[in-house]
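Engineer: I have a structure I would like to understand better, so I am pasting it below and will then ask my questions one at a time.
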Amino acid sequence: MKSALEYLGKSLTNSLSYSSEVLFEVGETKSMSSFELEMTSWAMAFYVFSEIELSLPILTKDDLDEDFLLKVSEFNNEQLMEVTQSVFDTVNEEVSQGVLIPRVRGHILRTVSLLNLKLQNHLDFVEKFRASPESENSIQDYFKNESEEFKEWMIRFLEEEDQKDLMNQLD
Amino acid sequence: MTLITDKIQQLETPIDVMFLMHKVFLTQSEKASELAKNAIETNDLKEFKSVLDNWLKLLLYHYQTEDEFMTGPLKEKEYHDGRLGLRDNVAEHDEIRSKGDIVLNDYQKTLNPKNMTVQEILEMDDLEHLKVMDKISAVQNSIVEAFGAEKLKARSLRGLYQSVLDLKVVEFDHFENEEAFVLTLVREQMTYEQQLQLTEKLLFDSTDQNENWIVDFLFSVLDDDESRLLEELISEIKG
């Protein structure tokens, strides 16, 4: 059975790739608002991911003690939040009246790509030092105290195959 | 600004050869970034390295020639927003050279990712800020072992892709600035004959055994109509 982190981790990386695709379509079949909506959704999902991750126990290994790994984890999460913010800052500062010029598209794509790089690196960290069968929270545990509205939003954020899987688990 | 998808219809003055050259450079950077991105999945950097080497060789020769024979002889002009076209152009060249070094360095990391330092693996240049510096050397082996060769390789490939993207973005911005602020000065301050001489320096590398390597490369990328424009210009240069 998958944990909430596993569901979210995969969808977070895929969502960033999709956001980059949306950016390429801005001015043709998509608008800047579509991109901003994707990124807002992403930021909300990442917040949930971060909340779950930071609630899990750290798994120490060899010389890597809890203090060190906790600091790395917190640092990674802070960095991810900062880069997320810088995506929105670039959009606010450089996009005028919804018109995306090639230069600005490049700036935004570079930052989204950096976000994806940091996320994937962090997911490796989580896999090694956070998630383990003993410490995993099941998705049911996580959703226990959440509203129906939140559950629906979360399901919509996931990839199609995971949506079905998750709904089966929640039934 | 010349985009890869733009078709260049004519060269009004010799310095307009820059539009053709910029287009070819952008095509190379696009190709390099695509190959670096694919390598994250395939682990194969063979073609990437070849494209990267060509791209950087072209860029380095091009900027060196511009600094010496184009921006060097021109008179500075301050634009209404405070921009100094020539000073900024030279600074952008330096930034691109520095980004090129980072790409090469990141490529080296992909060859032996186990040699990456803890800071590089964790992307934490400011580990000192976390007050864990005293532990860094002690945890080096543990970090490498914990992630394992496969994850470290993937990490190094992602880092390489990002540095290629950084280079591509600063290169694009630079071309846009150069076309707007510097080529205008070239047209204002250089005679047609001086522009032809400058263009010859940009297209032919007299220091290389094969002085045609630049034009050969341009012809290999440009379409037939654009190649014809280049051929006409070369005929004029060679007189």
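Starting from 1 in every chain, residues are counted up; chains themselves are A, B, ... following the order of the structure tokens, and ligands are numbered from 1 as listed.
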Can you check which residues of range 5-161 of chain A DSSP gives as helix (DSSP H, G or I) on the backbone and send them as a ChimeraX atom specification?
Structural biologist: /A:5-25,32-55,66-94,102-129,139-143,148-157,160-161
Engineer: Please identify all polymer residues within 7 Å of range 33-47 of chain A, counting only C-alpha atoms, omitting same-chain residues fewer than 3 positions from it, and present them as number ranges by chain.
Structural biologist: A: 12, 15, 19, 22-23, 30, 50-51
Engineer: Write to file, as a PDB file, in the first residue's frame, the residues of the selection just made, with N, CA and C atoms.
Structural biologist:
```pdb
ATOM      1  N   LEU A  12       3.971  15.473  -7.617  1.00  0.00           N
ATOM      2  CA  LEU A  12       4.618  16.792  -7.559  1.00  0.00           C
ATOM      3  C   LEU A  12       5.614  16.963  -8.708  1.00  0.00           C
ATOM      4  N   SER A  15       3.693  17.157 -11.975  1.00  0.00           N
ATOM      5  CA  SER A  15       2.967  18.424 -12.078  1.00  0.00           C
ATOM      6  C   SER A  15       3.895  19.552 -12.542  1.00  0.00           C
ATOM      7  N   SER A  19       3.553  21.820 -15.769  1.00  0.00           N
ATOM      8  CA  SER A  19       3.551  23.289 -15.707  1.00  0.00           C
ATOM      9  C   SER A  19       4.482  23.876 -16.760  1.00  0.00           C
ATOM     10  N   VAL A  22       2.736  23.749 -19.987  1.00  0.00           N
ATOM     11  CA  VAL A  22       1.728  24.818 -20.060  1.00  0.00           C
ATOM     12  C   VAL A  22       2.390  26.132 -20.462  1.00  0.00           C
ATOM     13  N   LEU A  23       3.569  26.378 -19.880  1.00  0.00           N
ATOM     14  CA  LEU A  23       4.294  27.614 -20.172  1.00  0.00           C
ATOM     15  C   LEU A  23       4.609  27.738 -21.666  1.00  0.00           C
ATOM     16  N   LYS A  30      -2.985  28.196 -24.134  1.00  0.00           N
ATOM     17  CA  LYS A  30      -3.108  28.443 -22.688  1.00  0.00           C
ATOM     18  C   LYS A  30      -2.816  29.909 -22.381  1.00  0.00           C
ATOM     19  N   SER A  50       5.242  18.501   2.577  1.00  0.00           N
ATOM     20  CA  SER A  50       6.220  18.936   3.571  1.00  0.00           C
ATOM     21  C   SER A  50       5.716  18.666   4.992  1.00  0.00           C
ATOM     22  N   GLU A  51       4.440  18.941   5.182  1.00  0.00           N
ATOM     23  CA  GLU A  51       3.827  18.732   6.500  1.00  0.00           C
ATOM     24  C   GLU A  51       3.918  17.248   6.898  1.00  0.00           C
TER      25      GLU A  51
END
```
Engineer: Skip Glu150 in chain B itself and residues of its chain fewer than 2 positions away, then list as a short mmCIF file (atom, residue, chain, number, x, y, z; two decimals) with N, CA and C atoms, in the first residue's frame all residues within 12 Å of it, counting only C-alpha atoms.
Structural biologist:
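Saved to around_1.cif:
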```cif
data_model
loop_
_atom_site.label_atom_id
_atom_site.label_comp_id
_atom_site.auth_asym_id
_atom_site.auth_seq_id
_atom_site.Cartn_x
_atom_site.Cartn_y
_atom_site.Cartn_z
N ASP A 124 14.78 11.86 -3.09
CA ASP A 124 15.79 10.82 -2.82
C ASP A 124 16.13 10.80 -1.33
N ILE B 40 19.21 12.29 -18.33
CA ILE B 40 18.74 11.98 -16.97
C ILE B 40 18.07 10.60 -16.98
N GLU B 41 17.40 10.28 -18.10
CA GLU B 41 16.75 8.97 -18.22
C GLU B 41 17.70 7.91 -18.79
N ASN B 43 21.19 8.06 -19.22
CA ASN B 43 22.58 8.01 -18.73
C ASN B 43 23.60 8.20 -19.86
N THR B 110 29.51 14.12 -13.49
CA THR B 110 28.70 12.99 -13.94
C THR B 110 29.57 11.77 -14.24
N ASN B 112 32.20 10.78 -12.49
CA ASN B 112 32.50 10.07 -11.25
C ASN B 112 31.76 10.71 -10.08
N PRO B 113 30.45 10.49 -10.05
CA PRO B 113 29.65 11.18 -9.03
C PRO B 113 30.02 10.85 -7.59
N LYS B 114 30.68 9.71 -7.39
CA LYS B 114 31.06 9.36 -6.01
C LYS B 114 32.10 10.33 -5.45
N VAL B 144 27.72 9.25 0.69
CA VAL B 144 27.93 8.60 -0.61
C VAL B 144 27.32 7.20 -0.58
N GLU B 145 27.56 6.50 0.50
CA GLU B 145 27.05 5.13 0.62
C GLU B 145 25.52 5.10 0.72
N ALA B 146 24.99 6.05 1.48
CA ALA B 146 23.53 6.06 1.68
C ALA B 146 22.79 6.27 0.37
N PHE B 147 23.28 7.19 -0.44
CA PHE B 147 22.58 7.46 -1.71
C PHE B 147 22.87 6.38 -2.75
N GLY B 148 24.09 5.87 -2.74
CA GLY B 148 24.44 4.83 -3.71
C GLY B 148 24.76 5.42 -5.08
N LEU B 152 23.36 8.97 -7.02
CA LEU B 152 24.34 10.05 -7.18
C LEU B 152 24.51 10.41 -8.65
N LYS B 153 24.49 9.39 -9.49
CA LYS B 153 24.60 9.63 -10.94
C LYS B 153 23.41 10.47 -11.40
N ALA B 154 22.22 10.07 -10.97
CA ALA B 154 21.01 10.80 -11.37
C ALA B 154 21.08 12.25 -10.88
N ARG B 155 21.59 12.41 -9.65
CA ARG B 155 21.73 13.74 -9.07
C ARG B 155 22.69 14.59 -9.90
N SER B 156 23.81 13.98 -10.31
CA SER B 156 24.80 14.73 -11.09
C SER B 156 24.25 15.08 -12.47
N LEU B 157 23.45 14.19 -13.05
CA LEU B 157 22.87 14.47 -14.36
C LEU B 157 21.83 15.58 -14.29
#
```
Engineer: Within 9 Å of chain A, which residues of chain B come that close, and what is the closest atom pair and distance in Å for each? Count only C-alpha atoms and give it as a tab-separated table.
Structural biologist:
```
residue	atom	partner	partner_atom	distance
B:Leu3	CA	A:Pro102	CA	8.7
B:Ile121	CA	A:Asn121	CA	8.8
B:Leu122	CA	A:Val72	CA	7.8
B:Glu123	CA	A:Lys118	CA	8.5
B:Met124	CA	A:Phe75	CA	8.3
B:Leu127	CA	A:Val72	CA	8.8
B:Leu130	CA	A:Lys71	CA	6.9
B:Val132	CA	A:Phe68	CA	6.8
B:Lys135	CA	A:Phe68	CA	8.4
B:Ala138	CA	A:Asp63	CA	7.0
B:Val139	CA	A:Asp63	CA	5.6
B:Gln140	CA	A:Asp63	CA	8.9
B:Asn141	CA	A:Asp63	CA	8.7
B:Ser142	CA	A:Asp63	CA	6.2
B:Ile143	CA	A:Leu64	CA	7.6
B:Ala146	CA	A:Lys128	CA	7.1
B:Phe147	CA	A:Lys128	CA	7.2
B:Lys151	CA	A:Asp124	CA	7.4
B:Ala154	CA	A:Asn121	CA	8.9
B:Arg155	CA	A:Asn121	CA	6.5
B:Arg158	CA	A:Leu117	CA	6.2
B:Gly159	CA	A:Leu117	CA	7.4
B:Gln162	CA	A:Leu114	CA	6.6
B:Leu165	CA	A:Arg110	CA	6.4
B:Asp166	CA	A:Arg110	CA	6.7
B:Lys168	CA	A:Gly106	CA	8.6
B:Val169	CA	A:Gly106	CA	5.9
B:Phe172	CA	A:Arg103	CA	7.1
B:Asp173	CA	A:Arg103	CA	6.4
B:Glu176	CA	A:Arg103	CA	8.3
```
Engineer: Kindly give the distance, in Å, that separates CA of Asn115 in chain B and CA of Leu160 in chain B, rounded to a single decimal.
Structural biologist: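 It comes out at 15.2 Å.
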Engineer: Excluding Phe204 in chain B and residues on its chain fewer than 6 positions from it, collect all residues at most 9 Å away from it, counting only C-alpha atoms, and give them as a PyMOL selection string.
Structural biologist: chain B and resi 210-215
Engineer: Go ahead and compute the interatomic distance for CA of Tyr79 in chain B and CA of Ile4 in chain B, in Å to one decimal.
Structural biologist: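 Answer for the CA of Tyr79 in chain B to CA of Ile4 in chain B separation: 27.9 Å.
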Engineer: Might you pull out every residue within 12 Å of range 179-194 of chain B, with only C-alpha atoms counted and same-chain residues fewer than 3 positions away left off, and present them as a compact mmCIF listing (two decimals) with N, CA, C and O atoms, in the first residue's frame?
Structural biologist:
```
# COMPACT_ATOMS: atom_id res chain seq x y z
N MET B 1 14.65 40.20 -31.74
CA MET B 1 15.55 39.11 -31.34
C MET B 1 15.31 37.91 -32.25
O MET B 1 14.17 37.52 -32.50
N THR B 2 16.40 37.32 -32.72
CA THR B 2 16.31 36.15 -33.59
C THR B 2 15.92 34.91 -32.76
O THR B 2 16.59 34.60 -31.79
N LEU B 3 14.86 34.25 -33.17
CA LEU B 3 14.51 33.00 -32.51
C LEU B 3 14.85 31.84 -33.44
O LEU B 3 15.01 32.03 -34.65
N GLU B 12 20.94 43.21 -44.18
CA GLU B 12 20.98 44.58 -44.72
C GLU B 12 22.38 45.15 -44.69
O GLU B 12 22.78 45.92 -45.57
N THR B 13 23.12 44.83 -43.64
CA THR B 13 24.53 45.26 -43.55
C THR B 13 25.33 44.04 -43.11
O THR B 13 24.77 43.08 -42.58
N PRO B 14 26.66 44.06 -43.32
CA PRO B 14 27.45 42.86 -42.99
C PRO B 14 27.28 42.38 -41.54
O PRO B 14 27.25 41.18 -41.29
N ILE B 15 27.11 43.34 -40.61
CA ILE B 15 27.03 42.91 -39.20
C ILE B 15 25.75 42.10 -38.93
O ILE B 15 25.65 41.39 -37.92
N ASP B 16 24.80 42.16 -39.86
CA ASP B 16 23.58 41.35 -39.69
C ASP B 16 23.88 39.85 -39.73
O ASP B 16 23.00 39.03 -39.46
N VAL B 17 25.13 39.50 -40.07
CA VAL B 17 25.52 38.09 -40.00
C VAL B 17 25.31 37.55 -38.59
O VAL B 17 25.16 36.35 -38.37
N MET B 18 25.29 38.49 -37.63
CA MET B 18 25.06 38.10 -36.23
C MET B 18 23.72 37.37 -36.08
O MET B 18 23.60 36.48 -35.24
N PHE B 19 22.73 37.76 -36.85
CA PHE B 19 21.42 37.11 -36.74
C PHE B 19 21.54 35.63 -37.10
O PHE B 19 20.95 34.77 -36.45
N LEU B 20 22.33 35.38 -38.16
CA LEU B 20 22.53 33.98 -38.56
C LEU B 20 23.31 33.23 -37.48
O LEU B 20 22.98 32.10 -37.12
N MET B 21 24.35 33.90 -36.97
CA MET B 21 25.20 33.23 -35.97
C MET B 21 24.43 32.97 -34.68
O MET B 21 24.50 31.88 -34.10
N HIS B 22 23.69 33.97 -34.24
CA HIS B 22 22.91 33.80 -33.00
C HIS B 22 21.90 32.65 -33.15
O HIS B 22 21.70 31.87 -32.23
N LYS B 23 21.32 32.58 -34.33
CA LYS B 23 20.34 31.51 -34.56
C LYS B 23 21.02 30.14 -34.45
O LYS B 23 20.47 29.21 -33.84
N GLU B 66 34.60 39.24 -30.62
CA GLU B 66 33.76 40.44 -30.40
C GLU B 66 34.44 41.43 -29.46
O GLU B 66 34.45 42.63 -29.72
N ASP B 67 34.98 40.91 -28.36
CA ASP B 67 35.62 41.81 -27.38
C ASP B 67 36.77 42.58 -28.03
O ASP B 67 36.97 43.76 -27.76
N PHE B 69 37.53 42.92 -31.54
CA PHE B 69 37.36 43.64 -32.81
C PHE B 69 36.02 44.38 -32.95
O PHE B 69 35.84 45.14 -33.88
N MET B 70 35.09 44.13 -32.02
CA MET B 70 33.80 44.82 -32.15
C MET B 70 33.59 45.81 -31.02
O MET B 70 33.60 47.02 -31.26
N THR B 71 33.46 45.32 -29.78
CA THR B 71 33.20 46.26 -28.68
C THR B 71 34.44 47.11 -28.39
O THR B 71 34.31 48.27 -28.01
N GLY B 72 35.62 46.51 -28.60
CA GLY B 72 36.87 47.26 -28.35
C GLY B 72 36.92 48.59 -29.08
O GLY B 72 37.05 49.64 -28.43
N PRO B 73 36.78 48.61 -30.40
CA PRO B 73 36.90 49.88 -31.15
C PRO B 73 35.70 50.82 -31.03
O PRO B 73 35.81 51.99 -31.40
N LEU B 74 34.57 50.33 -30.52
CA LEU B 74 33.38 51.19 -30.48
C LEU B 74 33.43 52.20 -29.33
O LEU B 74 34.09 51.96 -28.32
N LYS B 75 32.68 53.28 -29.50
CA LYS B 75 32.57 54.29 -28.42
C LYS B 75 31.33 53.96 -27.59
O LYS B 75 30.26 53.67 -28.12
N GLU B 76 31.49 54.05 -26.27
CA GLU B 76 30.41 53.72 -25.33
C GLU B 76 29.23 54.68 -25.48
O GLU B 76 29.41 55.85 -25.84
N LYS B 77 28.04 54.15 -25.21
CA LYS B 77 26.85 55.00 -25.22
C LYS B 77 26.00 54.63 -24.02
O LYS B 77 25.75 53.45 -23.79
N GLU B 78 25.58 55.66 -23.28
CA GLU B 78 24.70 55.37 -22.13
C GLU B 78 23.25 55.50 -22.58
O GLU B 78 22.86 56.54 -23.12
N TYR B 79 22.48 54.44 -22.34
CA TYR B 79 21.07 54.47 -22.74
C TYR B 79 20.24 55.15 -21.64
O TYR B 79 20.72 55.34 -20.51
N HIS B 80 19.02 55.49 -21.98
CA HIS B 80 18.18 56.28 -21.06
C HIS B 80 17.94 55.58 -19.73
O HIS B 80 17.69 56.21 -18.71
N ASP B 81 18.04 54.23 -19.73
CA ASP B 81 17.81 53.50 -18.47
C ASP B 81 19.12 53.28 -17.71
O ASP B 81 19.16 52.53 -16.73
N ARG B 83 21.81 51.91 -18.88
CA ARG B 83 22.60 50.79 -19.44
C ARG B 83 23.76 51.34 -20.26
O ARG B 83 23.58 52.28 -21.04
N LEU B 84 24.93 50.75 -20.05
CA LEU B 84 26.09 51.06 -20.89
C LEU B 84 26.28 49.85 -21.79
O LEU B 84 26.72 48.79 -21.34
N GLY B 85 25.93 50.01 -23.05
CA GLY B 85 25.87 48.89 -23.98
C GLY B 85 27.14 48.06 -24.05
O GLY B 85 27.10 46.83 -23.95
N LEU B 86 28.28 48.72 -24.19
CA LEU B 86 29.53 47.99 -24.39
C LEU B 86 30.02 47.34 -23.10
O LEU B 86 30.42 46.17 -23.08
N ARG B 87 29.99 48.11 -22.02
CA ARG B 87 30.43 47.56 -20.73
C ARG B 87 29.59 46.33 -20.36
O ARG B 87 30.12 45.29 -19.96
N ASP B 88 28.27 46.46 -20.52
CA ASP B 88 27.39 45.35 -20.16
C ASP B 88 27.61 44.15 -21.07
O ASP B 88 27.50 43.00 -20.64
N ASN B 89 27.91 44.43 -22.34
CA ASN B 89 28.14 43.34 -23.29
C ASN B 89 29.36 42.51 -22.87
O ASN B 89 29.31 41.27 -22.87
N VAL B 90 30.43 43.21 -22.49
CA VAL B 90 31.65 42.50 -22.07
C VAL B 90 31.37 41.71 -20.77
O VAL B 90 31.80 40.56 -20.62
N PHE B 172 20.69 33.50 -24.27
CA PHE B 172 19.54 34.10 -24.97
C PHE B 172 19.41 35.58 -24.60
O PHE B 172 19.26 36.44 -25.47
N ASP B 173 19.47 35.85 -23.28
CA ASP B 173 19.34 37.24 -22.83
C ASP B 173 20.43 38.11 -23.43
O ASP B 173 20.21 39.25 -23.83
N HIS B 174 21.63 37.54 -23.49
CA HIS B 174 22.77 38.29 -24.02
C HIS B 174 22.55 38.61 -25.50
O HIS B 174 22.79 39.75 -25.93
N PHE B 175 22.12 37.64 -26.27
CA PHE B 175 21.90 37.89 -27.70
C PHE B 175 20.85 38.99 -27.89
O PHE B 175 20.98 39.85 -28.76
N GLU B 176 19.81 38.92 -27.06
CA GLU B 176 18.76 39.93 -27.18
C GLU B 176 19.32 41.32 -26.88
O GLU B 176 19.06 42.28 -27.61
N GLN B 197 35.19 43.78 -42.53
CA GLN B 197 36.43 43.27 -41.89
C GLN B 197 36.10 42.54 -40.58
O GLN B 197 36.66 41.48 -40.28
N LEU B 198 35.20 43.15 -39.80
CA LEU B 198 34.79 42.52 -38.53
C LEU B 198 34.10 41.18 -38.80
O LEU B 198 34.39 40.16 -38.13
N THR B 199 33.27 41.16 -39.80
CA THR B 199 32.53 39.94 -40.15
C THR B 199 33.50 38.82 -40.56
O THR B 199 33.30 37.65 -40.21
N GLU B 200 34.55 39.22 -41.26
CA GLU B 200 35.55 38.22 -41.66
C GLU B 200 36.19 37.58 -40.42
O GLU B 200 36.38 36.36 -40.36
N LYS B 201 36.49 38.43 -39.42
CA LYS B 201 37.08 37.90 -38.18
C LYS B 201 36.09 36.94 -37.48
O LYS B 201 36.50 35.94 -36.90
N GLU B 236 31.42 38.48 -50.84
CA GLU B 236 31.75 39.91 -50.73
C GLU B 236 33.02 40.10 -49.89
O GLU B 236 33.90 40.91 -50.23
N ILE B 237 33.12 39.33 -48.80
CA ILE B 237 34.31 39.43 -47.93
C ILE B 237 35.56 39.03 -48.70
O ILE B 237 36.59 39.71 -48.63
N GLY B 239 35.98 39.05 -51.74
CA GLY B 239 36.19 39.99 -52.84
C GLY B 239 36.29 39.36 -54.18
O GLY B 239 36.92 39.87 -55.08
```
Engineer: Choose the residue, out of B:Asn38, B:Ser137, B:Gln28, B:Gln195, that has the smallest atom-to-atom separation from Ser50 in chain B; count only C-alpha atoms.
Structural biologist: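 Answer, going by the shortest atom-to-atom distance: B:Gln28.
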Engineer: Using Å and a single decimal, report how far CA of Glu93 in chain A sits from CA of Glu95 in chain B.
Structural biologist: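 Taking CA of Glu95 in chain B as the start and CA of Glu93 in chain A as the end point, the length is 22.7 Å.
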Engineer: Counting only C-alpha atoms, figure out which residue out of A:Val26, A:Ser55, A:Ser31, A:Leu70 gets nearest to Tyr142 in chain A.
Structural biologist: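 The answer is A:Ser55, which sits nearest to Tyr142 in chain A.
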